[in-house]
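A quick write-up on the structure given underneath.
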Amino acid sequence: MSDSLNAPDSSRPASGESLRRVRAKGEPRFPDGPKADPAGSHFERRIRSFQPRRSRVTAGQADALQRLWPKWGLDIDGRPVDLPELFGNDHPVVLEIGFGMGEATARMAAADPHTNILAVDVHTPGQGNLLNLADRNGLTNIRVGNGDAIILLREMLPPDSLDGLRVYFPDPWPKKRHHKRRLIQPEFLTLAATRLRPGALVHCATDWEPYAEQMLEVLTAHPDFENTRADGGFAPRPDYRPLTRFEGQGLDKGHVVNDLLFRRVQHG
């Protein structure tokens with residue numbers, strides 16, 4: 001696999017325009033890129049599992065957002081989406097929720113070009129970085145979603161439209177009073193099950209052991225999913241999930257990473 005999937009972002013906008021230019025009041029940060037709040041989601045009274053983060057964007061990431069968002073970006077605004085139209089083919093689609101800087105997503109897309117990946121996050125630098133990686137490596141099977149994955153699942157995707165769901169290293173919300181913000185909850189799984197085809201795989205991974213135990217408990221108890229492990233426990237890391245730099249650093253520090261692989265079951 002190309003080392004360029006891990007190469008640092010060093011490109012610059014063709015115009016050479018400085019990212020430090022002061023924007024006029026009301027001027028969008030990326031006129032042709034992702035919207036700051038595509039669904040007006042801050043008006044929806046619901047506990048969220050994420051915090052929007054618009055931290056520093058490099059010149060190369062900003063260029064990718066401006067240039068590639070109209071082609072490969074999806075603002076999660078509540079309007080129904082046609083996945084074959086979005087990807088330009090009818091290949092299987094896997095939804096990835098939370099992809100960080102996108103290195104692992106790009107590697108998985110390169111290794112399996114006949115599977116489409118709809119990768120959703122709210123981190124603007126990561127969105128730009130993943131678009132840049134996809135462009136530089138010719139990965140046409142990636143689309144980047146910006147916004148709340150709950151709105152995407154609930155309002156935008158048709159039933160049985162997904163062949164998989166990946167949730168890698170979600171925010172563990174370690175404080176007990178914040179556990180209600182964790183993504184993997186019974187209500188989320190019930191919603192996800194309506195969009196997953198029977199037989200679709202749900203793959204979670206975390207280096208926070210208490211969250212891993214909660215994930216295992218919640219997934220095991222849910223009637224729409226069954227563990228692919230006969231012993232009912234955690235799964236070894238599949239070859240298709242790359243070892244990320246973040247994960248490697250954690251393993252070097254003695255962290256334990258747990259993978260969970262559950263299958264969407266068909267009732268009746």
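Going through the structure tokens in order, the chains are called A, B, and so on, while each chain numbers its residues from 1 and the ligands are numbered from 1 in the order shown.
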With a distance cut-off of 12 Å and only C-alpha atoms, select the neighbouring residues of Asp163 of chain A, excluding the residue or stretch itself and same-chain residues fewer than 4 positions from it, and output the selection as a PyMOL selection string. chain A and resi 83+90-96+115-118+159+192-203+263-264
Mind checking which residues fall within 6 Å of Gln61 of chain A, counting only C-alpha atoms, ignoring those fewer than 3 positions away in the same chain, and posting them as a CSV table (one decimal) with C-alpha atoms, in the first residue's frame?
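Output below, filename part_4.csv:
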chain,number,residue,atom,x,y,z
A,58,THR,CA,-3.8,23.6,7.3
A,64,ALA,CA,-9.2,20.1,-0.3
A,128,GLY,CA,-10.1,18.1,4.8
A,129,ASN,CA,-7.3,15.6,5.5
Compare A:Leu68, A:Leu139, A:Ile184, A:Ala59 by their minimum atom-to-atom distance to Pro34 of chain A, counting only C-alpha atoms, and give me the closest one. A:Leu68
Residues near Met108 of chain A, cut-off 7 Å, only C-alpha atoms, skip fewer than 3 positions along chain, as a ChimeraX atom specification: /A:104-105,111-112,240-241
Between A:Val265, A:Leu183, A:Leu260, A:Gly40, smallest distance to Asp160 of chain A by only C-alpha atoms belongs to A:Val265
Can you pull out every residue from segment 26-172 of chain A that DSSP, working from the backbone, puts in strand (DSSP E or B), and format the result as a list in words?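 Restricting segment 26-172 of chain A to strand (DSSP E or B) produces Arg53, Gly73, Leu74, Asp75, Val93, Val94, Leu95, Glu96, Ile97, Asn116, Ile117, Leu118, Ala119, Val120, Asp121, His123, Ile142, Arg143, Val144, Gly145, Asn146, Leu162, Asp163, Gly164, Leu165, Arg166, Val167 and Tyr168 of chain A.
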Interatomic distance, atom CA of Arg143 of chain A to atom CA of Leu261 of chain A (Å, one decimal): 23.4 Å
Give me, please, the distance in Å between atom CA of His123 of chain A and atom CA of Gly138 of chain A, quoted to one decimal. 22.4 Å
Can you tell me how far atom CA of Pro38 of chain A sits from atom CA of Arg177 of chain A, in Å to one decimal? 28.6 Å
Hey, which of A:Leu133, A:Ala110, A:Ala205, A:Val81 ends up closest to Leu153 of chain A? Count only C-alpha atoms. A:Val81
Would you list the contacts of Glu155 of chain A as a PDB file with N, CA and C atoms, in the first residue's frame, taking every protein, DNA or RNA residue within 8 Å and counting only C-alpha atoms, but skipping same-chain residues closer than 4 positions in sequence?
ATOM      1  N   GLY A  78     -30.585  16.584   6.739  1.00  0.00           N
ATOM      2  CA  GLY A  78     -31.921  16.018   6.908  1.00  0.00           C
ATOM      3  C   GLY A  78     -32.623  15.642   5.621  1.00  0.00           C
ATOM      4  N   ARG A  79     -32.046  15.998   4.482  1.00  0.00           N
ATOM      5  CA  ARG A  79     -32.680  15.658   3.206  1.00  0.00           C
ATOM      6  C   ARG A  79     -32.286  14.252   2.784  1.00  0.00           C
ATOM      7  N   PRO A  80     -33.240  13.439   2.303  1.00  0.00           N
ATOM      8  CA  PRO A  80     -32.915  12.056   1.929  1.00  0.00           C
ATOM      9  C   PRO A  80     -31.795  11.991   0.898  1.00  0.00           C
ATOM     10  N   ILE A 151     -28.947  12.140  12.670  1.00  0.00           N
ATOM     11  CA  ILE A 151     -29.832  12.716  11.647  1.00  0.00           C
ATOM     12  C   ILE A 151     -29.675  11.962  10.330  1.00  0.00           C
TER      13      ILE A 151
END
If you count only C-alpha atoms, which residues fall within 7 Å of segment 28-32 of chain A, apart from same-chain ones fewer than 4 positions away, as a list in words?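 These residues fall inside the cut-off: Gln66, Trp69 and Pro70 of chain A.
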Within 7 Å of Pro170 of chain A using only C-alpha atoms, minus same-chain residues under 3 positions, as an MDAnalysis selection string: chainID A and resid 98 167 206
Next, write the just-selected residues to a file, as an mmCIF file, in the first residue's frame, keeping N, CA, C and O atoms as the atom set.
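Output file part04.cif follows:
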data_model
loop_
_atom_site.group_PDB
_atom_site.id
_atom_site.type_symbol
_atom_site.label_atom_id
_atom_site.label_comp_id
_atom_site.auth_asym_id
_atom_site.auth_seq_id
_atom_site.Cartn_x
_atom_site.Cartn_y
_atom_site.Cartn_z
ATOM 1 N N GLY A 98 -17.109 8.801 12.905
ATOM 2 C CA GLY A 98 -15.926 9.275 13.596
ATOM 3 C C GLY A 98 -14.666 8.689 12.992
ATOM 4 O O GLY A 98 -14.357 7.524 13.226
ATOM 5 N N VAL A 167 -17.469 1.929 14.105
ATOM 6 C CA VAL A 167 -17.311 2.961 15.131
ATOM 7 C C VAL A 167 -15.993 2.667 15.836
ATOM 8 O O VAL A 167 -15.929 1.811 16.709
ATOM 9 N N THR A 206 -12.336 0.109 20.804
ATOM 10 C CA THR A 206 -12.041 1.138 21.792
ATOM 11 C C THR A 206 -10.854 0.700 22.641
ATOM 12 O O THR A 206 -10.624 -0.501 22.839
#
Using only C-alpha atoms for the distances, tell me which of A:Glu103, A:Asp37, A:Asp121, A:Asp259 is nearest to Cys204 of chain A. A:Asp259
Top pick for closest residue to Gly250 of chain A, considering A:Phe169, A:Thr220, A:Ala109, A:Asn141 and counting only C-alpha atoms: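 Counting only C-alpha atoms, the residue closest to Gly250 of chain A is A:Phe169.
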Pick from A:Glu226, A:Asp63, A:Glu247, A:Glu187 nearest to Asp207 of chain A, counting only C-alpha atoms: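 Nearest to Asp207 of chain A: A:Glu247.
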